Amino acid sequence: MNDPLIPPSPSYDPAGLPPPDDAELFAESEPFALFERWLREARDKEPNDPNSMALATADASGFPDVRMVLLKGFDRAGFVFYSNAESAKGVELAENPRAAVCFHWKSLRRQVRVRGMVEPASDAEADAYFQSRDRGARLGAWASQQSRPLEDRLALERRIAEFALKYGLGEVPRPAHWRGYRLVPLAIEFWRDRPFRLHDRLVFTRADAASAWAKQRLYP
């Protein structure tokens, strides 16, 4: 029995022509230029947070966890995000510095999956990004004991008020426990929706960060 909350699978006209192959997509020889193009298109199409990504981590036992975070920078060195190092994700990354992310751009019917090793971003990067944040967010980074039990909302608001009083109108420095992480990819897969679940999949893989990329199409 179908759950009425779950949309039915899409139907297609069997006589209809499928969309043509994207020759430019499969002509790419390295993944970062393609990712930049897709992210630029998502920025123009997605109504909210085109840089949002599901971040999957695992603890020392291998038990997985996942949550949405925001991509805050990328280049050929990797994909950068920021977090409280004492949070669940920070503890898991300290125990097991491997992660995966998934971007899903619903308006484009595309997704990108990335797997790799995680290393700390530099203090200079973290300082620069922290100072670019809204002052309220900087105070919140001090006030929030992320992922730990909270008595009630008032307790959080009291801590925010305490740090607002402490720093007054002056600069709010970056807490030592708030840092950047760089996911150094070993695999980047590009996925595009096609009719009848016959999707396009293109994956780039490499053995390590110093190796050249290999490109391969995959069955849907």
# chains A, B, ... in the order shown; residues from 1 in each chain; ligands from 1
call {"tool": "select_by_dssp", "arguments": {"residues": "region 32-168 of chain A", "states": "alpha helix (DSSP H)", "output": "MDAnalysis selection string"}}
result
chainID A and resid 32:45 88:95 123:132 135:143 153:167
call {"tool": "write_last_selection", "arguments": {"atoms": "C-alpha atoms", "output": "PDB file, in the first residue's frame"}}
result
ATOM      1  CA  PHE A  32      36.753  21.196  -9.929  1.00  0.00           C
ATOM      2  CA  ALA A  33      35.968  23.235 -13.042  1.00  0.00           C
ATOM      3  CA  LEU A  34      32.807  21.206 -13.522  1.00  0.00           C
ATOM      4  CA  PHE A  35      31.828  21.644  -9.880  1.00  0.00           C
ATOM      5  CA  GLU A  36      32.369  25.400 -10.138  1.00  0.00           C
ATOM      6  CA  ARG A  37      30.093  25.564 -13.177  1.00  0.00           C
ATOM      7  CA  TRP A  38      27.368  23.517 -11.506  1.00  0.00           C
ATOM      8  CA  LEU A  39      27.583  25.576  -8.296  1.00  0.00           C
ATOM      9  CA  ARG A  40      27.302  28.798 -10.294  1.00  0.00           C
ATOM     10  CA  GLU A  41      24.186  27.451 -12.007  1.00  0.00           C
ATOM     11  CA  ALA A  42      22.759  26.363  -8.642  1.00  0.00           C
ATOM     12  CA  ARG A  43      23.382  29.829  -7.201  1.00  0.00           C
ATOM     13  CA  ASP A  44      21.189  31.249  -9.972  1.00  0.00           C
ATOM     14  CA  LYS A  45      18.434  28.638  -9.613  1.00  0.00           C
ATOM     15  CA  ALA A  88      29.510  15.886  17.549  1.00  0.00           C
ATOM     16  CA  LYS A  89      30.956  16.347  14.072  1.00  0.00           C
ATOM     17  CA  GLY A  90      34.176  17.829  15.459  1.00  0.00           C
ATOM     18  CA  VAL A  91      34.674  14.924  17.859  1.00  0.00           C
ATOM     19  CA  GLU A  92      33.933  12.392  15.114  1.00  0.00           C
ATOM     20  CA  LEU A  93      36.366  14.046  12.719  1.00  0.00           C
ATOM     21  CA  ALA A  94      39.067  14.005  15.403  1.00  0.00           C
ATOM     22  CA  GLU A  95      38.490  10.265  15.856  1.00  0.00           C
ATOM     23  CA  ASP A 123      44.205  29.480  11.496  1.00  0.00           C
ATOM     24  CA  ALA A 124      44.520  32.368   9.045  1.00  0.00           C
ATOM     25  CA  GLU A 125      41.640  30.997   6.950  1.00  0.00           C
ATOM     26  CA  ALA A 126      39.497  30.424  10.032  1.00  0.00           C
ATOM     27  CA  ASP A 127      40.259  33.878  11.443  1.00  0.00           C
ATOM     28  CA  ALA A 128      39.427  35.598   8.162  1.00  0.00           C
ATOM     29  CA  TYR A 129      36.136  33.778   7.712  1.00  0.00           C
ATOM     30  CA  PHE A 130      35.142  34.218  11.371  1.00  0.00           C
ATOM     31  CA  GLN A 131      35.587  37.982  11.158  1.00  0.00           C
ATOM     32  CA  SER A 132      33.433  38.072   8.021  1.00  0.00           C
ATOM     33  CA  ARG A 135      28.562  39.890  15.013  1.00  0.00           C
ATOM     34  CA  GLY A 136      25.638  37.913  16.415  1.00  0.00           C
ATOM     35  CA  ALA A 137      27.004  34.736  14.841  1.00  0.00           C
ATOM     36  CA  ARG A 138      30.443  35.428  16.327  1.00  0.00           C
ATOM     37  CA  LEU A 139      28.940  35.849  19.800  1.00  0.00           C
ATOM     38  CA  GLY A 140      26.907  32.703  19.217  1.00  0.00           C
ATOM     39  CA  ALA A 141      30.071  30.737  18.520  1.00  0.00           C
ATOM     40  CA  TRP A 142      31.249  31.613  22.036  1.00  0.00           C
ATOM     41  CA  ALA A 143      27.876  31.079  23.700  1.00  0.00           C
ATOM     42  CA  ARG A 153      16.373  28.576  25.603  1.00  0.00           C
ATOM     43  CA  LEU A 154      16.826  31.103  28.390  1.00  0.00           C
ATOM     44  CA  ALA A 155      20.125  29.497  29.400  1.00  0.00           C
ATOM     45  CA  LEU A 156      21.453  30.043  25.865  1.00  0.00           C
ATOM     46  CA  GLU A 157      20.222  33.635  25.778  1.00  0.00           C
ATOM     47  CA  ARG A 158      21.937  34.325  29.115  1.00  0.00           C
ATOM     48  CA  ARG A 159      25.238  33.033  27.726  1.00  0.00           C
ATOM     49  CA  ILE A 160      24.847  35.219  24.610  1.00  0.00           C
ATOM     50  CA  ALA A 161      24.212  38.241  26.857  1.00  0.00           C
ATOM     51  CA  GLU A 162      27.291  37.414  28.941  1.00  0.00           C
ATOM     52  CA  PHE A 163      29.585  37.351  25.924  1.00  0.00           C
ATOM     53  CA  ALA A 164      27.954  40.460  24.442  1.00  0.00           C
ATOM     54  CA  LEU A 165      28.778  42.247  27.708  1.00  0.00           C
ATOM     55  CA  LYS A 166      32.300  40.805  27.790  1.00  0.00           C
ATOM     56  CA  TYR A 167      33.220  42.047  24.318  1.00  0.00           C
TER      57      TYR A 167
END
call {"tool": "residues_around", "arguments": {"residues": "Val66 (chain A)", "least_positions_apart": "5", "cutoff": "12 Å", "atoms": "only C-alpha atoms", "output": "JSON, numbers by chain"}}
result
{"A": [53, 54, 55, 56, 57, 58, 59, 88, 89, 92, 99, 100, 101, 102]}
call {"tool": "atom_distance", "arguments": {"atom1": "CA of Arg76 (chain A)", "atom2": "CA of Arg113 (chain A)"}}
result
15.7 Å
call {"tool": "residues_around", "arguments": {"residues": "Ala121 (chain A)", "least_positions_apart": "3", "cutoff": "8 Å", "atoms": "only C-alpha atoms", "output": "PDB file with N, CA, C and O atoms, in the first residue's frame"}}
result
ATOM      1  N   VAL A  80      35.813  23.460   1.937  1.00  0.00           N
ATOM      2  CA  VAL A  80      36.011  23.981   3.288  1.00  0.00           C
ATOM      3  C   VAL A  80      34.672  24.268   3.965  1.00  0.00           C
ATOM      4  O   VAL A  80      33.770  24.854   3.366  1.00  0.00           O
ATOM      5  N   GLU A 125      42.919  31.155   7.654  1.00  0.00           N
ATOM      6  CA  GLU A 125      41.640  30.997   6.950  1.00  0.00           C
ATOM      7  C   GLU A 125      40.471  31.112   7.915  1.00  0.00           C
ATOM      8  O   GLU A 125      39.473  31.791   7.642  1.00  0.00           O
ATOM      9  N   ALA A 126      40.580  30.407   9.059  1.00  0.00           N
ATOM     10  CA  ALA A 126      39.497  30.424  10.032  1.00  0.00           C
ATOM     11  C   ALA A 126      39.287  31.815  10.610  1.00  0.00           C
ATOM     12  O   ALA A 126      38.150  32.277  10.773  1.00  0.00           O
ATOM     13  N   ARG A 179      36.760  26.171  14.345  1.00  0.00           N
ATOM     14  CA  ARG A 179      37.816  26.050  13.334  1.00  0.00           C
ATOM     15  C   ARG A 179      37.263  25.614  11.985  1.00  0.00           C
ATOM     16  O   ARG A 179      36.097  25.250  11.855  1.00  0.00           O
ATOM     17  N   GLY A 180      38.148  25.629  11.000  1.00  0.00           N
ATOM     18  CA  GLY A 180      37.784  25.210   9.661  1.00  0.00           C
ATOM     19  C   GLY A 180      38.287  23.813   9.366  1.00  0.00           C
ATOM     20  O   GLY A 180      39.309  23.365   9.918  1.00  0.00           O
ATOM     21  N   TYR A 181      37.567  23.145   8.472  1.00  0.00           N
ATOM     22  CA  TYR A 181      37.930  21.802   8.026  1.00  0.00           C
ATOM     23  C   TYR A 181      37.946  21.788   6.503  1.00  0.00           C
ATOM     24  O   TYR A 181      37.114  22.416   5.854  1.00  0.00           O
ATOM     25  N   ARG A 182      38.894  21.057   5.940  1.00  0.00           N
ATOM     26  CA  ARG A 182      38.979  20.922   4.494  1.00  0.00           C
ATOM     27  C   ARG A 182      38.838  19.448   4.127  1.00  0.00           C
ATOM     28  O   ARG A 182      39.634  18.614   4.557  1.00  0.00           O
TER      29      ARG A 182
END
call {"tool": "residues_around", "arguments": {"residues": "Leu70 (chain A)", "least_positions_apart": "3", "cutoff": "7 Å", "atoms": "only C-alpha atoms", "output": "ChimeraX atom specification"}}
result
/A:51-53,81
call {"tool": "write_last_selection", "arguments": {"atoms": "C-alpha atoms", "output": "PDB file, in the first residue's frame"}}
result
ATOM      1  CA  ASN A  51      26.029  25.932  -0.971  1.00  0.00           C
ATOM      2  CA  SER A  52      24.305  23.616   1.514  1.00  0.00           C
ATOM      3  CA  MET A  53      25.593  20.055   1.682  1.00  0.00           C
ATOM      4  CA  PHE A  81      33.427  24.194   6.073  1.00  0.00           C
TER       5      PHE A  81
END
call {"tool": "closest_atom_pairs", "arguments": {"of": "region 89-194 of chain A", "to": "region 202-216 of chain A", "cutoff": "10 Å", "atoms": "only C-alpha atoms", "output": "CSV"}}
result
residue,atom,partner,partner_atom,distance
A:Val112,CA,A:Val203,CA,9.5
A:Arg113,CA,A:Val203,CA,9.0
A:Val114,CA,A:Val203,CA,9.6
A:Arg115,CA,A:Thr205,CA,9.5
A:Gly116,CA,A:Asp208,CA,9.0
A:Met117,CA,A:Asp208,CA,9.3
A:Val184,CA,A:Ala209,CA,7.0
A:Pro185,CA,A:Ala209,CA,7.4
A:Leu186,CA,A:Arg206,CA,5.3
A:Ala187,CA,A:Thr205,CA,4.4
A:Ile188,CA,A:Phe204,CA,5.3
A:Glu189,CA,A:Val203,CA,4.1
A:Phe190,CA,A:Leu202,CA,5.2
A:Trp191,CA,A:Leu202,CA,6.6
A:Arg192,CA,A:Leu202,CA,9.0
call {"tool": "atom_distance", "arguments": {"atom1": "CA of Ser107 (chain A)", "atom2": "CA of Glu24 (chain A)"}}
result
19.9 Å
call {"tool": "closest_residue", "arguments": {"among": "A:Phe196, A:Glu86, A:Gln111, A:Glu46", "to": "Gln145 (chain A)", "atoms": "only C-alpha atoms"}}
result
A:Glu86
call {"tool": "closest_residue", "arguments": {"among": "A:Pro149, A:Gly73, A:Pro195, A:Gly16", "to": "Ser87 (chain A)", "atoms": "only C-alpha atoms"}}
result
A:Pro149
call {"tool": "atom_distance", "arguments": {"atom1": "CA of Arg110 (chain A)", "atom2": "CA of Leu71 (chain A)"}}
result
16.8 Å
call {"tool": "select_by_dssp", "arguments": {"residues": "region 7-122 of chain A", "states": "strand (DSSP E or B)", "output": "PyMOL selection string"}}
result
chain A and resi 52-58+64-70+73-75+78-84+98-105+110-120
